[in-house]
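> One structure coming up, written as structure tokens, with questions to follow.
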Amino acid sequence: MEDNGGAPSNLLDDAVGALAGRFVAVEDSVETSAAFVLHHLLKRALSPLSPTVVLFVSFAHPFSHYDRILRKLGCNLAAQRDNKRFFFFDMLMWEYQGERIRDEEKTRGDGLVALYGEIQKLISDLPEERKNSVTIMIDDVSLMEVAAKGSTNLVLDFLHYCHTLTSELGCSLVALNHGDIYSSTERPTLILQMEYLAGILIKAEPLATGLAKDVHGQLTVLNRGDGQGSRYKLCNFHFKVKENNVEYFFPGSRS
Amino acid sequence: MADSICRALRDGALEGEHAPALTIKDNIASPFGFDVFSHVLSQLSSNILAGKSQSRGLVLVAFRRSPSFYVDFLKRKGVDISSSHKWIQILDCYSDPLGWKDGFSLETSNVASSCKNVKDVHKLLSTIIELGQGLVGQGKVRFSAAIDSVSEMVRHASVSSVSGLLSNLRSHDQVSSIFWLLHSDLHEDRVTAAFEYLSTMVASVEPLNQFGNGQRSNMNTFPLLEQSFAKGKFHVRFKRRNGRVRVACEEVRVEQSDVNFTSVSSDNGMINEGLIPKVQFNLQLSEKERIDRANVVLPFEHQGQMLAKLWTD
């Protein structure tokens with residue numbers, strides 16, 4: 001996947017860098033939603049100059065929701081879907097059917113296993129030139145856990161298998177989760193496991209000073225590097241979500 | 001201290017003793033455990049290739065990364081992997097740990113064997129031993145074992161079965177040394193303690209600065225985070241045969257292509273006991289200045305006594 005699809009880069013793109021072969025974990029909270037990060041990465045992946053194919057797994061919203069938002073950002077999801085560059089997995093009504101007992105056969109979690117199988121088959125059926133330019137997006141992991149009836153292990157298994165596609169095929173994986181859901185948990189295993197697994201961690205948080213009219217929050221991007229170049233790059237900047245785009249800027253740099 | 005660990009793994013087990021075992025543990029506030037694990041792996045691999053270690057082979061149980069990642073990593077570290085199938089075998093528990101990819105072909109390699117059911121710990125143990133004996137034969141020659149994520153193992157199997165596997169490996173006649181990685185914040189304290197009890201060495205990677213809410217860092221202290229993120233404290237606890245425990249501490253720094261260990265600097269800007277800014281004038285008095293100040297008589301000091309003296313004169 002090309003770095004930025006040829007579009008002008010911004011602070012977020014600079015901090016994230018190339019996504020090929022990486023797992024991006026996006027965390028937000030009720031106070032500061034990071035849905036715009038998902039939308040931005042989706043638009044970036046579907047840029048006309050990029051060959052990327054996007055597999056979007058949605059537990060949160062129907063297709064029409066994303067279509068409406070991406071149109072405002074200048075991206076026609078329906079057309080991309082027709083051009084076989086955008087594949088939407090509507091998981092809103094999915095519910096884990098397996099029984100939760102300690103039996104190897106019955107806890108296979110057929111739903112997510114089948115979903116992974118569909119994803120892998122879809123990728124293997126792509127034209128050769130597109131097989132190595134796939135982005136898998138998941139919105140969002142906490143709702144996947146709800147749909148899996150609280151089976152954290154099943155969700156982690158699914159994320160692990162998607163992660164294997166990043167190393168085997170150079171796919172990129174982007175998953176959104178809500179950090180504050182786990183804030184009262186003594187050991188927030190799911191979110192911690194995602195943070196350990198992620199090569200790039202993007203956290204959206206409110207400002208320490210509270211609400212502001214011109215600044216909607218701050219993003220912290222931890223880029224663990226791809227093992228070849230620089231390691232552990234940490235960036236922090238502010239953002240403002242507007243109608244048709246998002247502005248990113250360093251604290252104090254706006255006049 | 002990191003050198004001591006690598007030496008202990010290199011020297012291996014004494015006759016009649018269990019193999020030395022190392023737990024490397026970290027947490028999300030200082031997630032460099034994998035970097036340390038990789039460093040130890042490359043050191044041991046170099047020693048094996050150079051014939052300097054007791055072990056003549058290494059079985060790497062890979063849960064967290066693919067076999068090709070490790071092959072590329074060792075190549076980057078200058079370890080000769082052209083003859084790798086003679087001294088290393090990777091048990092691939094990463095690519096298809098639960099058999100979800102039935103029907104899809106997996107990458108094959110002469111250094112990797114696939115495991116499609118990581119829940120069967122007995123089978124895992126027998127496969128590790130089989131692979132090790134495949135490298136060194138069934139005589140007195142030994143091999144080492146490394147597990148890149150015991151935390152991942154515990155997700156699929158019970159703590160007791162994983163402890164049993166580690167204990168059996170340690171006590172096996174042909175195992176020279178064993179080391180593994182654990183993320184302590186993913187487990188209850190008793191689980192971490194269980195694995196530490198099995199170890200002769202415990203190496204903990206901790207953050208240089210502890211933030212207000214413990215493991216999950218506070219983004220309000222971003223400037224401190226940014227400066228110290230790629231550094232941490234490296235605590236090592238050695239358990240000796242006579243029961244004595246030796247504890248040591250170093251600073252670990254993750255750099256572009258390597259991990260460096262240095263002695264803890266007292267002049268570290270982040271851990272100075274006072275937060276005195278660096279300015280071009282003194283903000284504190286020296287001992288002599290303090291004594292001189294104490295001896296100065298101020299204009300209106302003792303005035304009451306002087307007036308009383310005047311009146312009486």
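Residue numbers start at 1 in each chain; chains themselves are named A, B, ... in the order of the structure tokens; ligands are numbered from 1 in the order shown.
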For chain A versus chain B, which residues have an atom no more than 9 Å away, and what is each residue's nearest atom pair and distance in Å rounded to one decimal, using only C-alpha atoms, chain-then-number order, as JSON lines?

{"residue": "A:Glu104", "atom": "CA", "partner": "B:Lys119", "partner_atom": "CA", "distance": 8.9}
{"residue": "A:Arg108", "atom": "CA", "partner": "B:Leu98", "partner_atom": "CA", "distance": 8.8}
{"residue": "A:Val113", "atom": "CA", "partner": "B:Trp100", "partner_atom": "CA", "distance": 6.4}
{"residue": "A:Ala114", "atom": "CA", "partner": "B:Trp100", "partner_atom": "CA", "distance": 8.7}
{"residue": "A:Tyr116", "atom": "CA", "partner": "B:Trp100", "partner_atom": "CA", "distance": 8.0}
{"residue": "A:Gly117", "atom": "CA", "partner": "B:Lys101", "partner_atom": "CA", "distance": 7.3}
{"residue": "A:Gln120", "atom": "CA", "partner": "B:Lys101", "partner_atom": "CA", "distance": 8.6}
{"residue": "A:Lys121", "atom": "CA", "partner": "B:Phe104", "partner_atom": "CA", "distance": 8.7}
{"residue": "A:Asn153", "atom": "CA", "partner": "B:Arg155", "partner_atom": "CA", "distance": 7.1}
{"residue": "A:Asp157", "atom": "CA", "partner": "B:Leu98", "partner_atom": "CA", "distance": 8.5}
{"residue": "A:His160", "atom": "CA", "partner": "B:Tyr94", "partner_atom": "CA", "distance": 8.3}
{"residue": "A:Tyr161", "atom": "CA", "partner": "B:Asp96", "partner_atom": "CA", "distance": 7.4}
{"residue": "A:Thr164", "atom": "CA", "partner": "B:Ser95", "partner_atom": "CA", "distance": 6.0}
{"residue": "A:Leu165", "atom": "CA", "partner": "B:Ser95", "partner_atom": "CA", "distance": 8.8}
{"residue": "A:Ser167", "atom": "CA", "partner": "B:Ser66", "partner_atom": "CA", "distance": 7.3}
{"residue": "A:Glu168", "atom": "CA", "partner": "B:Ser66", "partner_atom": "CA", "distance": 8.3}
{"residue": "A:Arg187", "atom": "CA", "partner": "B:Leu186", "partner_atom": "CA", "distance": 6.6}
{"residue": "A:Pro188", "atom": "CA", "partner": "B:Leu186", "partner_atom": "CA", "distance": 7.8}
{"residue": "A:Thr189", "atom": "CA", "partner": "B:Leu186", "partner_atom": "CA", "distance": 5.8}
{"residue": "A:Leu192", "atom": "CA", "partner": "B:Ile28", "partner_atom": "CA", "distance": 7.2}
{"residue": "A:Gln193", "atom": "CA", "partner": "B:Leu186", "partner_atom": "CA", "distance": 7.6}
{"residue": "A:Glu195", "atom": "CA", "partner": "B:Ile28", "partner_atom": "CA", "distance": 7.5}
{"residue": "A:Tyr196", "atom": "CA", "partner": "B:Ile28", "partner_atom": "CA", "distance": 7.1}
{"residue": "A:Leu197", "atom": "CA", "partner": "B:Arg64", "partner_atom": "CA", "distance": 8.4}
{"residue": "A:Glu205", "atom": "CA", "partner": "B:Met219", "partner_atom": "CA", "distance": 8.3}
{"residue": "A:Leu207", "atom": "CA", "partner": "B:Asn220", "partner_atom": "CA", "distance": 8.4}
{"residue": "A:Ala208", "atom": "CA", "partner": "B:Asn220", "partner_atom": "CA", "distance": 6.3}
{"residue": "A:Thr220", "atom": "CA", "partner": "B:Met219", "partner_atom": "CA", "distance": 8.0}
{"residue": "A:Gly225", "atom": "CA", "partner": "B:Gln256", "partner_atom": "CA", "distance": 9.0}
{"residue": "A:Gly227", "atom": "CA", "partner": "B:Ser257", "partner_atom": "CA", "distance": 7.5}
{"residue": "A:Gln228", "atom": "CA", "partner": "B:Ser257", "partner_atom": "CA", "distance": 7.3}
{"residue": "A:Gly229", "atom": "CA", "partner": "B:Gln256", "partner_atom": "CA", "distance": 6.2}
{"residue": "A:Ser230", "atom": "CA", "partner": "B:Gln256", "partner_atom": "CA", "distance": 5.1}
{"residue": "A:Arg231", "atom": "CA", "partner": "B:Gln256", "partner_atom": "CA", "distance": 5.4}
{"residue": "A:Tyr232", "atom": "CA", "partner": "B:Ala230", "partner_atom": "CA", "distance": 6.3}
{"residue": "A:Lys233", "atom": "CA", "partner": "B:Glu226", "partner_atom": "CA", "distance": 8.3}
{"residue": "A:Leu234", "atom": "CA", "partner": "B:Glu226", "partner_atom": "CA", "distance": 6.0}
{"residue": "A:Cys235", "atom": "CA", "partner": "B:Glu226", "partner_atom": "CA", "distance": 7.8}
{"residue": "A:Asn236", "atom": "CA", "partner": "B:Phe222", "partner_atom": "CA", "distance": 7.7}
> Can you build me a table of segment 144-196 of chain B residues sitting at most 12 Å from segment 2-21 of chain B, with the closest atom pair per residue and its distance in Å to one decimal, using only C-alpha atoms, sorted by chain and residue number, as CSV?

residue,atom,partner,partner_atom,distance
B:Ser144,CA,B:Leu9,CA,8.4
B:Ala145,CA,B:Ala21,CA,9.6
B:Ala146,CA,B:Ala21,CA,9.7
B:Ile147,CA,B:Ala21,CA,11.3
B:Leu166,CA,B:Ala21,CA,8.9
B:Ser167,CA,B:His18,CA,9.1
B:Asn168,CA,B:His18,CA,9.7
B:Leu169,CA,B:Ala19,CA,8.2
B:Arg170,CA,B:Ala19,CA,5.0
B:Ser171,CA,B:His18,CA,5.0
B:His172,CA,B:His18,CA,7.6
B:Asp173,CA,B:His18,CA,8.1
B:Gln174,CA,B:Ala19,CA,9.1
B:Val175,CA,B:Ala19,CA,6.3
B:Ser176,CA,B:Gly12,CA,4.7
B:Ser177,CA,B:Ala19,CA,4.9
B:Ile178,CA,B:Ala21,CA,4.9
B:Phe179,CA,B:Ala21,CA,5.5
B:Trp180,CA,B:Ala21,CA,8.2
B:Leu181,CA,B:Ala21,CA,11.2
B:Phe195,CA,B:Ala21,CA,9.9
B:Glu196,CA,B:Ala21,CA,9.3
> Can you list, as an MDAnalysis selection string, every residue of segment 29-255 of chain A that DSSP puts in strand (DSSP E)?
chainID A and resid 53:58 86:90 134:139 172:178 200:205 217:223 233:241 246:249
> Name the residues of segment 1-188 of chain A that fall into helix (DSSP H, G or I) according to DSSP on the backbone, using the chain letters and numbers of this document, as a count of residues only.
82
> Using only C-alpha atoms for the distances, tell me which of A:Ala60, A:Leu49, A:Ala212, A:Met91 is nearest to Asn177 of chain A.
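Of the candidates, the smallest distance to Asn177 of chain A is held by A:Ala60.
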